[in-house]
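Participant: Sending over target_10.txt (compact mmCIF, C-alpha atoms).
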# COMPACT_ATOMS: atom_id res chain seq x y z
CA MET A 23 44.45 140.57 62.76
CA SER A 24 42.17 140.47 65.81
CA GLY A 25 41.12 143.68 67.62
CA HIS A 26 43.19 145.41 70.30
CA PRO A 27 42.99 143.78 73.72
CA THR A 28 40.19 145.51 75.56
CA ARG A 29 41.94 145.62 78.88
CA GLU A 30 45.42 147.03 79.43
CA GLU A 31 46.19 144.46 82.14
CA ASP A 32 46.07 141.72 79.51
CA PHE A 33 49.57 142.78 78.43
CA ASP A 34 50.83 142.52 82.00
CA LEU A 35 49.16 139.15 82.49
CA TYR A 36 50.74 137.94 79.24
CA ALA A 37 54.18 139.21 80.30
CA LEU A 38 53.68 137.55 83.68
CA GLY A 39 53.06 134.25 81.91
CA ALA A 40 49.67 133.76 83.54
CA LEU A 41 47.64 133.61 80.34
CA GLU A 42 47.15 130.34 78.53
CA GLY A 43 45.25 128.84 75.65
CA GLU A 44 43.05 131.19 73.62
CA GLU A 45 43.77 134.24 75.80
CA LYS A 46 47.48 133.87 75.19
CA GLU A 47 47.15 133.17 71.48
CA THR A 48 44.90 136.20 70.99
CA ILE A 49 47.55 138.54 72.41
CA GLU A 50 50.36 136.90 70.43
CA SER A 51 48.56 137.04 67.11
CA HIS A 52 47.50 140.64 67.60
CA VAL A 53 50.83 141.98 68.83
CA ALA A 54 52.63 140.43 65.88
CA GLY A 55 50.92 142.89 63.53
CA CYS A 56 50.29 145.93 65.76
CA ALA A 57 53.13 148.31 66.52
CA ALA A 58 51.18 150.19 69.19
CA CYS A 59 50.34 147.03 71.11
CA SER A 60 53.86 145.71 70.61
CA ARG A 61 55.06 148.84 72.42
CA LYS A 62 52.51 148.27 75.19
CA LEU A 63 53.72 144.72 75.56
CA ALA A 64 57.34 145.92 75.82
CA GLU A 65 56.29 148.26 78.63
CA ALA A 66 54.35 145.44 80.31
CA HIS A 67 57.47 143.22 80.12
CA GLY A 68 59.35 146.07 81.81
CA ARG A 69 56.80 146.44 84.62
CA ILE A 70 56.74 142.70 85.23
CA ALA A 71 60.56 142.56 85.10
CA MET A 72 60.60 144.97 88.03
CA LEU A 73 59.09 142.19 90.17
CA ALA A 74 62.55 140.58 90.06
CA LEU A 75 63.59 143.26 92.54
CA GLY A 76 61.19 141.71 95.04
CA ALA A 77 63.52 138.70 95.46
CA PRO A 78 65.70 138.46 98.59
CA ARG A 79 69.14 139.72 97.70
CA VAL A 80 71.86 137.18 96.99
CA GLU A 81 75.30 138.13 95.70
CA PRO A 82 76.92 135.69 93.27
CA SER A 83 80.22 134.07 94.22
CA GLN A 84 83.38 135.78 92.99
CA SER A 85 84.23 132.62 91.05
CA VAL A 86 81.30 133.22 88.66
CA ARG A 87 82.83 136.48 87.50
CA GLU A 88 86.21 134.80 87.11
CA ARG A 89 84.73 131.91 85.11
CA LEU A 90 82.81 134.32 82.91
CA MET A 91 85.86 136.41 82.10
CA SER A 92 88.04 133.37 81.43
CA SER A 93 85.33 131.87 79.18
CA LEU A 94 85.75 134.83 76.82
CA HIS A 95 89.07 133.39 75.69
CA PRO A 96 89.03 130.34 73.47
CA THR A 97 90.70 127.30 74.99
CA VAL A 98 93.73 125.56 73.59
CA ASP A 99 91.43 122.93 72.11
CA ASP A 100 89.33 125.60 70.36
CA ARG A 101 92.44 127.06 68.79
CA THR A 102 93.67 123.75 67.48
CA VAL A 103 92.97 123.66 63.78
CA LYS A 104 92.22 120.29 62.29
CA LEU A 105 93.89 120.11 58.91
CA PRO A 106 92.06 118.30 56.15
CA PRO A 107 93.56 115.00 54.99
CA ALA A 108 96.24 115.36 52.34
CA GLU A 109 95.04 114.86 48.78
CA PRO A 110 97.08 113.37 45.90
CA GLU A 111 99.04 116.16 44.26
CA GLN A 112 97.82 115.45 40.75
CA ALA A 113 94.23 116.07 41.77
CA GLY A 114 94.90 119.77 42.37
CA GLY A 115 97.44 120.42 39.61
CA PHE A 116 98.95 123.90 39.80
CA PHE A 117 96.38 125.11 42.36
CA GLY A 118 96.97 122.09 44.53
CA ARG A 119 100.69 122.86 44.65
CA TRP A 120 99.92 126.53 45.29
CA TRP A 121 97.67 125.67 48.22
CA ALA A 122 100.23 123.21 49.48
CA ALA A 123 102.84 125.97 49.35
CA VAL A 124 100.60 128.18 51.49
CA LEU A 125 99.37 125.51 53.86
CA ALA A 126 102.69 123.83 54.53
CA PRO A 127 104.22 126.82 56.38
CA ALA A 128 100.89 127.35 58.15
CA ALA A 129 100.94 123.72 59.27
CA VAL A 130 104.48 124.14 60.56
CA VAL A 131 103.47 127.27 62.47
CA LEU A 132 100.47 125.46 63.92
CA ALA A 133 102.59 122.49 64.88
CA LEU A 134 105.07 124.80 66.61
CA ALA A 135 102.24 126.62 68.37
CA ALA A 136 100.75 123.31 69.49
CA PHE A 137 104.14 122.18 70.76
CA PHE A 138 104.63 125.47 72.60
CA LEU A 139 101.18 125.20 74.21
CA TRP A 140 101.84 121.58 75.15
CA THR A 141 105.14 122.43 76.84
CA GLU A 142 103.54 125.42 78.55
CA ASN A 143 100.73 123.19 79.79
CA SER A 144 103.26 120.66 81.10
CA ARG A 145 105.18 123.41 82.87
CA LEU A 146 101.98 124.69 84.53
CA ASP A 147 101.05 121.14 85.54
CA ARG A 148 104.43 120.75 87.21
CA GLN A 149 104.03 124.07 88.99
CA LEU A 150 100.61 123.02 90.20
CA THR A 151 101.97 119.73 91.53
CA GLU A 152 104.77 121.57 93.33
CA LEU A 153 102.35 124.06 94.84
CA ARG A 154 100.07 121.25 96.04
CA ALA A 155 103.07 119.54 97.67
CA LYS A 156 104.04 122.82 99.37
CA VAL A 157 100.51 123.28 100.67
CA GLN A 158 100.52 119.72 102.05
CA GLU A 159 103.88 120.29 103.69
CA GLN A 160 102.69 123.55 105.25
CA GLN A 161 99.55 121.81 106.47
CA LYS A 162 101.72 119.13 108.13
CA GLN A 163 103.83 121.81 109.79
CA LEU A 164 100.71 123.58 110.98
CA ASP A 165 99.28 120.36 112.43
CA TYR A 166 102.60 119.67 114.14
CA ALA A 167 102.74 123.16 115.67
CA ARG A 168 99.13 122.86 116.81
CA ASN A 169 99.76 119.50 118.48
CA VAL A 170 102.91 120.79 120.17
CA ALA A 171 100.97 123.78 121.49
CA HIS A 172 98.21 121.51 122.83
CA LEU A 173 100.76 119.26 124.49
CA MET A 174 102.65 122.13 126.10
CA GLU A 175 99.50 123.94 127.25
CA ALA A 176 97.94 120.86 128.89
CA LYS A 177 98.26 121.01 132.70
CA ASP A 178 98.74 117.24 133.01
CA THR A 179 101.68 117.08 130.60
CA ILE A 180 104.88 115.97 132.30
CA SER A 181 108.36 117.04 131.27
CA VAL A 182 111.26 114.65 131.91
CA SER A 183 114.97 115.19 131.31
CA LEU A 184 116.81 112.00 130.40
CA ALA A 185 120.29 111.59 131.91
CA PRO A 186 123.12 109.90 129.99
CA MET A 187 124.31 106.53 131.32
CA PRO A 188 128.01 106.08 132.15
CA GLY A 189 130.14 104.84 129.26
CA MET A 190 127.37 105.48 126.72
CA PRO A 191 127.21 108.15 123.93
CA ASN A 192 126.64 111.59 125.40
CA GLY A 193 123.37 113.49 124.93
CA ALA A 194 120.78 115.86 126.37
CA VAL A 195 117.16 114.86 125.79
CA LYS A 196 113.92 116.12 127.19
CA VAL A 197 110.65 114.25 126.81
CA MET A 198 107.18 115.78 127.22
CA TYR A 199 104.41 113.27 127.72
CA ASN A 200 100.64 113.44 128.20
CA GLU A 201 99.06 110.13 129.02
CA LYS A 202 95.46 111.25 128.35
CA MET A 203 96.35 112.58 124.93
CA GLY A 204 98.67 109.65 124.24
CA MET A 205 101.17 112.12 122.89
CA LEU A 206 104.93 112.35 123.38
CA MET A 207 107.43 114.92 122.18
CA TYR A 208 111.17 114.27 121.89
CA ASP A 209 113.48 117.24 122.03
CA GLY A 210 117.27 117.01 122.21
CA TRP A 211 120.45 115.57 120.78
CA ILE A 212 122.62 112.46 121.17
CA GLU A 213 125.97 111.57 119.70
CA PRO A 214 125.53 109.34 116.64
CA PRO A 215 125.25 105.60 117.40
CA PRO A 216 127.78 103.00 116.15
CA GLU A 217 127.34 101.82 112.59
CA ASP A 218 124.39 99.39 112.06
CA LYS A 219 122.78 100.59 115.26
CA SER A 220 119.82 102.88 116.05
CA TYR A 221 118.43 104.49 119.14
CA GLN A 222 114.98 103.52 120.35
CA LEU A 223 112.85 105.53 122.80
CA TRP A 224 110.61 103.63 125.23
CA VAL A 225 107.85 104.52 127.63
CA VAL A 226 108.17 102.27 130.66
CA PRO A 227 104.61 101.94 132.00
CA MET A 228 103.57 101.44 135.62
CA GLU A 229 102.50 97.94 134.62
CA GLY A 230 103.50 95.80 131.70
CA ASN A 231 106.28 95.86 129.15
CA PRO A 232 108.01 98.94 127.74
CA ILE A 233 106.23 100.51 124.77
CA SER A 234 108.30 101.59 121.78
CA VAL A 235 107.80 105.25 120.95
CA GLY A 236 110.20 105.62 118.06
CA VAL A 237 113.41 104.49 116.38
CA PHE A 238 115.84 107.18 115.27
CA ASN A 239 119.40 107.81 114.25
CA PRO A 240 120.91 111.30 114.60
CA ALA A 241 123.56 110.35 112.02
CA THR A 242 121.00 109.97 109.27
CA SER A 243 118.24 112.32 110.42
CA ASP A 244 118.56 115.98 111.33
CA SER A 245 115.34 116.01 113.31
CA ALA A 246 116.04 117.06 116.89
CA HIS A 247 112.34 117.43 117.60
CA TRP A 248 109.54 115.04 116.88
CA LEU A 249 106.10 114.27 118.09
CA THR A 250 104.44 110.91 118.17
CA LYS A 251 101.22 109.23 119.27
CA ILE A 252 101.04 106.16 121.47
CA PRO A 253 97.97 104.45 122.98
CA GLU A 254 96.09 106.81 125.32
CA GLY A 255 95.80 106.20 129.05
CA VAL A 256 99.21 104.61 129.72
CA PRO A 257 100.66 105.98 132.98
CA ALA A 258 104.45 106.23 132.64
CA LYS A 259 106.95 105.15 135.27
CA ALA A 260 110.05 106.11 133.28
CA PHE A 261 111.44 106.87 129.84
CA ALA A 262 114.54 105.30 128.34
CA ILE A 263 116.57 105.38 125.16
CA THR A 264 118.34 102.13 124.28
CA LEU A 265 120.90 101.20 121.66
CA GLU A 266 119.31 98.67 119.30
CA PRO A 267 120.00 97.05 115.93
CA ALA A 268 119.29 99.38 113.00
CA GLY A 269 115.52 99.49 112.48
CA GLY A 270 114.75 98.88 116.17
CA ALA A 271 113.60 95.91 118.25
CA ALA A 272 110.27 94.60 119.51
CA ALA A 273 111.48 94.84 123.10
CA PRO A 274 114.50 96.55 124.68
CA SER A 275 117.52 94.37 124.03
CA GLY A 276 120.49 96.76 124.12
CA PRO A 277 122.05 98.94 126.79
CA GLN A 278 120.34 102.09 128.07
CA VAL A 279 121.92 105.25 126.69
CA LEU A 280 119.76 107.85 128.44
CA ALA A 281 116.95 107.39 130.96
CA GLY A 282 114.83 109.27 133.47
CA PRO A 283 111.96 108.59 135.90
CA ALA A 284 108.52 110.04 135.15
CA SER A 285 108.19 111.64 138.57
CA MET B 26 82.09 159.18 85.17
CA ARG B 27 79.78 156.19 84.89
CA ALA B 28 79.43 154.77 81.40
CA SER B 29 75.87 154.19 80.18
CA ASP B 30 74.66 150.70 79.33
CA ALA B 31 74.40 151.74 75.68
CA ALA B 32 78.04 152.88 75.60
CA LEU B 33 79.15 149.67 77.27
CA ILE B 34 77.16 147.58 74.81
CA GLU B 35 78.98 149.30 71.96
CA ARG B 36 82.31 148.47 73.57
CA ILE B 37 81.25 144.85 74.03
CA VAL B 38 80.42 144.67 70.33
CA ALA B 39 84.05 145.75 69.80
CA LYS B 40 85.07 142.87 72.14
CA ASP B 41 86.09 145.04 75.08
CA GLU B 42 86.14 142.62 78.02
CA ALA B 43 86.35 145.42 80.61
CA ALA B 44 82.97 146.70 79.43
CA LEU B 45 81.39 143.30 80.07
CA ALA B 46 82.96 143.27 83.53
CA VAL B 47 81.40 146.67 84.30
CA LEU B 48 77.96 145.49 83.22
CA TYR B 49 78.39 142.28 85.18
CA ASP B 50 79.26 144.23 88.33
CA ARG B 51 76.29 146.50 87.70
CA TYR B 52 73.62 143.83 87.30
CA ALA B 53 74.88 140.43 88.47
CA GLY B 54 73.63 140.85 92.05
CA MET B 55 70.15 141.87 90.93
CA VAL B 56 69.83 139.06 88.39
CA CYS B 57 71.36 136.44 90.68
CA SER B 58 68.87 137.32 93.44
CA MET B 59 65.96 136.70 91.08
CA LEU B 60 67.44 133.45 89.73
CA ASN B 61 68.11 132.19 93.24
CA ARG B 62 64.55 133.01 94.30
CA ILE B 63 63.15 131.05 91.38
CA LEU B 64 65.46 128.05 91.61
CA ARG B 65 66.26 128.08 95.34
CA ASP B 66 69.64 126.71 94.29
CA LYS B 67 72.55 129.15 94.24
CA GLN B 68 74.79 126.98 92.12
CA ALA B 69 72.15 126.57 89.41
CA ALA B 70 71.41 130.30 89.63
CA GLU B 71 75.07 131.13 89.12
CA GLU B 72 75.32 128.85 86.10
CA ILE B 73 72.45 130.66 84.40
CA LEU B 74 73.90 134.01 85.44
CA GLN B 75 77.22 133.19 83.78
CA ASP B 76 75.43 131.83 80.74
CA ILE B 77 73.33 134.93 80.07
CA PHE B 78 76.28 137.28 80.45
CA TYR B 79 78.23 135.07 78.06
CA GLN B 80 75.26 135.26 75.68
CA LEU B 81 75.40 139.05 75.99
CA TRP B 82 79.10 138.91 75.06
CA ARG B 83 78.36 136.84 71.95
CA THR B 84 75.21 138.61 70.75
CA ALA B 85 75.57 142.20 71.96
CA GLY B 86 75.49 143.38 68.36
CA ARG B 87 71.85 142.32 68.13
CA PHE B 88 70.83 144.40 71.13
CA ASP B 89 69.28 147.77 70.29
CA SER B 90 69.71 150.04 73.33
CA SER B 91 67.42 152.67 71.82
CA ARG B 92 64.48 150.29 71.86
CA GLY B 93 64.76 148.78 75.32
CA SER B 94 66.62 148.38 78.58
CA LEU B 95 69.54 146.02 79.05
CA ALA B 96 68.60 145.42 82.69
CA GLY B 97 65.10 144.45 81.56
CA TRP B 98 66.51 142.13 78.91
CA LEU B 99 68.80 140.41 81.45
CA ILE B 100 65.91 139.93 83.85
CA VAL B 101 63.50 138.59 81.23
CA ILE B 102 66.02 136.23 79.67
CA GLY B 103 67.22 135.07 83.08
CA ARG B 104 63.70 134.48 84.36
CA ASN B 105 62.77 132.49 81.25
CA ARG B 106 65.87 130.33 81.58
CA ALA B 107 65.32 129.70 85.28
CA ILE B 108 61.64 128.84 84.91
CA SER B 109 62.44 126.57 81.98
CA LEU B 110 64.96 124.77 84.17
CA LEU B 111 62.49 124.63 87.05
CA ARG B 112 59.74 123.26 84.86
CA ARG B 113 62.04 121.29 82.57
CA HIS B 114 60.96 122.71 79.25
CA ASN B 115 62.74 124.37 76.38
CA PRO B 116 63.44 128.09 76.91
CA SER B 117 62.31 129.05 73.41
CA GLN B 118 60.52 132.19 74.57
CA GLY B 119 63.74 133.57 76.06
CA GLU B 120 65.61 133.17 72.80
CA GLU B 121 62.87 134.92 70.81
CA LEU B 122 63.12 137.89 73.13
CA LEU B 123 66.60 138.60 71.79
CA GLU B 124 64.96 140.70 69.11
CA ASN B 125 62.19 142.00 71.36
CA THR B 126 62.37 144.88 73.75
CA VAL B 127 61.75 145.33 77.42
CA VAL B 128 61.00 148.88 78.50
CA LEU B 129 61.56 149.30 82.23
CA PRO B 130 59.63 152.00 84.06
CA SER B 131 62.84 152.86 85.95
CA ASN B 132 66.46 153.30 84.99
CA LEU B 133 68.52 150.75 86.94
CA GLU B 134 71.97 151.76 85.70
CA GLY B 135 73.14 153.35 88.96
CA ARG B 136 73.43 151.69 92.34
CA LEU B 137 71.30 154.38 93.93
CA ALA B 138 68.62 153.94 91.27
CA GLN B 139 68.66 150.20 91.92
CA GLU B 140 68.29 150.75 95.67
CA GLN B 141 65.34 153.08 95.12
CA SER B 142 63.74 150.57 92.76
CA PHE B 143 64.22 147.73 95.25
CA ARG B 144 62.38 149.75 97.87
CA ARG B 145 59.67 150.81 95.42
CA VAL B 146 58.95 147.23 94.37
CA GLU B 147 59.01 146.02 97.95
CA SER B 148 56.47 148.62 99.00
CA ALA B 149 54.29 147.98 95.91
CA LEU B 150 54.23 144.24 96.70
CA ALA B 151 53.64 144.90 100.38
CA ALA B 152 50.63 147.03 99.48
CA LEU B 153 48.90 144.06 97.79
CA PRO B 154 46.40 141.93 99.75
CA ARG B 155 48.01 138.68 100.87
CA GLU B 156 46.20 136.43 98.33
CA GLN B 157 47.04 138.76 95.45
CA ARG B 158 50.69 138.87 96.42
CA ALA B 159 50.81 135.08 96.73
CA ALA B 160 49.27 134.70 93.26
CA VAL B 161 51.75 137.17 91.76
CA GLU B 162 54.68 135.34 93.33
CA LEU B 163 53.45 131.96 92.10
CA ALA B 164 53.15 133.36 88.59
CA TYR B 165 56.37 135.34 88.55
CA PHE B 166 58.78 133.19 90.54
CA GLU B 167 57.33 129.76 89.75
CA GLY B 168 56.07 130.44 86.23
CA MET B 169 52.51 129.30 86.90
CA THR B 170 49.54 130.10 84.70
CA HIS B 171 46.06 131.00 85.99
CA SER B 172 44.86 127.41 86.04
CA GLU B 173 48.08 126.11 87.64
CA ILE B 174 47.73 128.65 90.44
CA ALA B 175 44.10 127.63 90.91
CA ARG B 176 45.16 124.00 91.21
CA ARG B 177 47.95 124.86 93.63
CA THR B 178 45.84 127.08 95.91
CA GLY B 179 42.55 125.21 95.52
CA ASP B 180 40.78 128.46 94.62
CA PRO B 181 38.29 128.72 91.72
CA LEU B 182 39.90 129.72 88.41
CA GLY B 183 37.75 132.84 88.18
CA THR B 184 38.91 133.97 91.61
CA VAL B 185 42.54 133.54 90.63
CA LYS B 186 42.03 135.52 87.42
CA THR B 187 40.35 138.34 89.31
CA ARG B 188 43.11 138.40 91.92
CA LEU B 189 45.88 138.58 89.37
CA ARG B 190 44.12 141.23 87.29
CA SER B 191 43.56 143.35 90.42
CA ALA B 192 47.19 142.84 91.39
CA MET B 193 48.35 143.96 87.94
CA GLU B 194 46.23 147.11 88.19
CA SER B 195 47.64 147.94 91.62
CA LEU B 196 51.24 147.26 90.64
CA LYS B 197 50.96 149.28 87.47
CA ARG B 198 49.43 152.17 89.39
CA ASN B 199 51.94 152.04 92.24
CA LEU B 200 55.08 151.46 90.18
CA GLN B 201 54.23 154.11 87.61
CA MET B 202 52.98 156.63 90.18
CA GLU B 203 56.25 156.50 92.05
CA THR B 204 58.37 156.89 88.94
CA ARG B 205 56.75 160.15 87.96
Please express what this file holds, its structure, as structure tokens.

Facilitator:
Amino acid sequence: MSGHPTREEDFDLYALGALEGEEKETIESHVAGCAACSRKLAEAHGRIAMLALGAPRVEPSQSVRERLMSSLHPTVDDRTVKLPPAEPEQAGGFFGRWWAAVLAPAAVVLALAAFFLWTENSRLDRQLTELRAKVQEQQKQLDYARNVAHLMEAKDTISVSLAPMPGMPNGAVKVMYNEKMGMLMYDGWIEPPPEDKSYQLWVVPMEGNPISVGVFNPATSDSAHWLTKIPEGVPAKAFAITLEPAGGAAAPSGPQVLAGPAS
Amino acid sequence: MRASDAALIERIVAKDEAALAVLYDRYAGMVCSMLNRILRDKQAAEEILQDIFYQLWRTAGRFDSSRGSLAGWLIVIGRNRAISLLRRHNPSQGEELLENTVVLPSNLEGRLAQEQSFRRVESALAALPREQRAAVELAYFEGMTHSEIARRTGDPLGTVKTRLRSAMESLKRNLQMETR
């Protein structure tokens, strides 16, 4: 064994990791056989470890703790026991049958446990899918509410009540329209259309042909409110709802059911 | 009443998960700060953090609380892992330290004690001349040896050795003086 390091700081420099080559090897070979210096090295490791407290403080994410705690439990895969392949009965004789008698119930229990875990996993998967769908639905509702709020708050949004035409199904419909946003909201009710027919809402622009805003049928849809986007920057002259073949038409072809001027 | 690290280690040996959670809450922030400083990558730091606490869970029975400090062990193992990742070499030294001991000059088991130690280390580092502090940080947080620091800074090897030795003397004096 070599002599004790002559300078105390050598232990700190070793713990710091600054030493290399012969200097490092000298400390390592000496400490391995010297209890007193081993103690000094432990203290040097402690002093150097304190430098960690000189780092800017950063808190770990909460998810690290959660992952750590859940990692303490073996997974389903870890718990699955792989049974050895079956051997011919005569190879084991009495002991083979004895082991088979013990292992067979165990295998049944394991199979049942595996089946239970599989069904549980399937159930959780289904729950997860349902929850994801709910979140998506809530997100859609939130987006809808946000768009409605924007439309209603905008100073240049116009609100038009559509009046029923004589001899046509009765209804009360209000349309809110913002040409800059290219957004229109329908709010109201109309008596159901005849069979094989639908209603179609149109924006009648200052120039050009009517633009279809939406096809709907109160008999098959319970939505009395809906919001839709059309091309931005289309000044409206009027709004009209026409009676069209089921599925709608490319241009107004049926009678007007309700209509109202934009100003 | 706060449980000691030694008592919590005994409970971990008996597979008490709550004891591991207490130790995690006690030291995770301190260890994560160091790992993040070394790696400058919070995600990588958190992976090592989780890994060393999981290692503690698996091997707590090999830890002898009477011979060394758990906080010191977590710091040394964590630093070795992080520097190995940074420098892409095998963290063999960290594994060997499982049986070794780290004797801290301060008890870090309480939050107040940790706060005091943070301030003590900050003031001890602040008291170092700028070049000495830079050399210490290159060695501690980047795992550089004397000659690597000399190459990085462009200073003569002898100068770097003298700086680090002087820094070690000052730190030892300041850290120990304030713990008395």

Participant: Within 7 Å of range 183-198 of chain B, counting only C-alpha atoms, which residues show up once you throw out same-chain ones fewer than 2 positions away? Write them as a list of chain:residue names, please.

Facilitator: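 With the cut-off at 7 Å, the set is A:Glu31, A:Asp34, B:Ala149, B:Leu153, B:Gln157, B:Ala160, B:Val161, B:His171, B:Ala175, B:Asp180, B:Pro181, B:Leu200, B:Gln201, B:Met202.
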
Participant: Would you pick out the contacts of Val279 in chain A at 6 Å or less, using only C-alpha atoms, so that residues sharing its chain but fewer than 4 positions from it are not included, and give the list as number ranges by chain?

Facilitator: A: 186-187, 190, 263-264

Participant: Could you check which residues have any atom within 9 Å of (101.5, 104.9, 135.3), counting only C-alpha atoms with coordinates taken straight from the file, and then list them as a ChimeraX atom specification?

Facilitator: /A:201,226-229,255-260,284

Participant: Report the distance between CA of Gly76 in chain A and CA of Glu147 in chain B in Å, rounded to one decimal place.

Facilitator: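 Taking CA of Gly76 in chain A and CA of Glu147 in chain B, their separation equals 5.6 Å.
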
Participant: Using 12 Å as the limit and counting all atoms listed in the file, can you tabulate each residue of chain A that touches chain B, with its shortest atom-to-atom distance in Å and the two atoms involved, as JSON lines?

Facilitator:
{"residue": "A:Arg29", "atom": "CA", "partner": "B:Arg190", "partner_atom": "CA", "distance": 9.7}
{"residue": "A:Glu30", "atom": "CA", "partner": "B:Glu194", "partner_atom": "CA", "distance": 8.8}
{"residue": "A:Glu31", "atom": "CA", "partner": "B:Met193", "partner_atom": "CA", "distance": 6.2}
{"residue": "A:Asp32", "atom": "CA", "partner": "B:Arg190", "partner_atom": "CA", "distance": 8.0}
{"residue": "A:Phe33", "atom": "CA", "partner": "B:Met193", "partner_atom": "CA", "distance": 9.7}
{"residue": "A:Asp34", "atom": "CA", "partner": "B:Met193", "partner_atom": "CA", "distance": 6.6}
{"residue": "A:Leu35", "atom": "CA", "partner": "B:Arg190", "partner_atom": "CA", "distance": 7.3}
{"residue": "A:Tyr36", "atom": "CA", "partner": "B:Thr170", "partner_atom": "CA", "distance": 9.6}
{"residue": "A:Ala37", "atom": "CA", "partner": "B:Tyr165", "partner_atom": "CA", "distance": 9.4}
{"residue": "A:Leu38", "atom": "CA", "partner": "B:Tyr165", "partner_atom": "CA", "distance": 6.0}
{"residue": "A:Gly39", "atom": "CA", "partner": "B:Thr170", "partner_atom": "CA", "distance": 6.1}
{"residue": "A:Ala40", "atom": "CA", "partner": "B:Thr170", "partner_atom": "CA", "distance": 3.8}
{"residue": "A:Leu41", "atom": "CA", "partner": "B:Thr170", "partner_atom": "CA", "distance": 5.9}
{"residue": "A:Glu42", "atom": "CA", "partner": "B:Thr170", "partner_atom": "CA", "distance": 6.6}
{"residue": "A:Gly43", "atom": "CA", "partner": "B:Thr170", "partner_atom": "CA", "distance": 10.1}
{"residue": "A:Glu45", "atom": "CA", "partner": "B:His171", "partner_atom": "CA", "distance": 10.9}
{"residue": "A:Lys46", "atom": "CA", "partner": "B:Thr170", "partner_atom": "CA", "distance": 10.4}
{"residue": "A:Glu50", "atom": "CA", "partner": "B:Gln118", "partner_atom": "CA", "distance": 11.9}
{"residue": "A:Val53", "atom": "CA", "partner": "B:Asn125", "partner_atom": "CA", "distance": 11.6}
{"residue": "A:Ala54", "atom": "CA", "partner": "B:Asn125", "partner_atom": "CA", "distance": 11.1}
{"residue": "A:Ser60", "atom": "CA", "partner": "B:Thr126", "partner_atom": "CA", "distance": 9.1}
{"residue": "A:Arg61", "atom": "CA", "partner": "B:Thr126", "partner_atom": "CA", "distance": 8.4}
{"residue": "A:Lys62", "atom": "CA", "partner": "B:Val128", "partner_atom": "CA", "distance": 9.1}
{"residue": "A:Leu63", "atom": "CA", "partner": "B:Val127", "partner_atom": "CA", "distance": 8.3}
{"residue": "A:Ala64", "atom": "CA", "partner": "B:Val127", "partner_atom": "CA", "distance": 4.7}
{"residue": "A:Glu65", "atom": "CA", "partner": "B:Val128", "partner_atom": "CA", "distance": 4.8}
{"residue": "A:Ala66", "atom": "CA", "partner": "B:Val128", "partner_atom": "CA", "distance": 7.7}
{"residue": "A:His67", "atom": "CA", "partner": "B:Val127", "partner_atom": "CA", "distance": 5.5}
{"residue": "A:Gly68", "atom": "CA", "partner": "B:Leu129", "partner_atom": "CA", "distance": 3.9}
{"residue": "A:Arg69", "atom": "CA", "partner": "B:Leu129", "partner_atom": "CA", "distance": 6.0}
{"residue": "A:Ile70", "atom": "CA", "partner": "B:Tyr165", "partner_atom": "CA", "distance": 8.1}
{"residue": "A:Ala71", "atom": "CA", "partner": "B:Gly97", "partner_atom": "CA", "distance": 6.1}
{"residue": "A:Met72", "atom": "CA", "partner": "B:Val146", "partner_atom": "CA", "distance": 6.9}
{"residue": "A:Leu73", "atom": "CA", "partner": "B:Val146", "partner_atom": "CA", "distance": 6.6}
{"residue": "A:Ala74", "atom": "CA", "partner": "B:Met59", "partner_atom": "CA", "distance": 5.3}
{"residue": "A:Leu75", "atom": "CA", "partner": "B:Phe143", "partner_atom": "CA", "distance": 5.3}
{"residue": "A:Gly76", "atom": "CA", "partner": "B:Glu147", "partner_atom": "CA", "distance": 5.6}
{"residue": "A:Ala77", "atom": "CA", "partner": "B:Met59", "partner_atom": "CA", "distance": 5.4}
{"residue": "A:Pro78", "atom": "CA", "partner": "B:Ser58", "partner_atom": "CA", "distance": 6.2}
{"residue": "A:Arg79", "atom": "CA", "partner": "B:Ser58", "partner_atom": "CA", "distance": 4.9}
{"residue": "A:Val80", "atom": "CA", "partner": "B:Ser58", "partner_atom": "CA", "distance": 4.6}
{"residue": "A:Glu81", "atom": "CA", "partner": "B:Gly54", "partner_atom": "CA", "distance": 4.8}
{"residue": "A:Pro82", "atom": "CA", "partner": "B:Cys57", "partner_atom": "CA", "distance": 6.2}
{"residue": "A:Ser83", "atom": "CA", "partner": "B:Glu71", "partner_atom": "CA", "distance": 7.8}
{"residue": "A:Gln84", "atom": "CA", "partner": "B:Glu71", "partner_atom": "CA", "distance": 10.3}
{"residue": "A:Ser85", "atom": "CA", "partner": "B:Glu71", "partner_atom": "CA", "distance": 9.5}
{"residue": "A:Val86", "atom": "CA", "partner": "B:Gln75", "partner_atom": "CA", "distance": 6.4}
{"residue": "A:Arg87", "atom": "CA", "partner": "B:Gln75", "partner_atom": "CA", "distance": 7.5}
{"residue": "A:Glu88", "atom": "CA", "partner": "B:Gln75", "partner_atom": "CA", "distance": 9.7}
{"residue": "A:Arg89", "atom": "CA", "partner": "B:Gln75", "partner_atom": "CA", "distance": 7.7}
{"residue": "A:Leu90", "atom": "CA", "partner": "B:Gln75", "partner_atom": "CA", "distance": 5.8}
{"residue": "A:Met91", "atom": "CA", "partner": "B:Glu42", "partner_atom": "CA", "distance": 7.4}
{"residue": "A:Ser92", "atom": "CA", "partner": "B:Glu42", "partner_atom": "CA", "distance": 10.0}
{"residue": "A:Ser93", "atom": "CA", "partner": "B:Tyr79", "partner_atom": "CA", "distance": 7.9}
{"residue": "A:Leu94", "atom": "CA", "partner": "B:Tyr79", "partner_atom": "CA", "distance": 7.6}
{"residue": "A:His95", "atom": "CA", "partner": "B:Glu42", "partner_atom": "CA", "distance": 10.0}
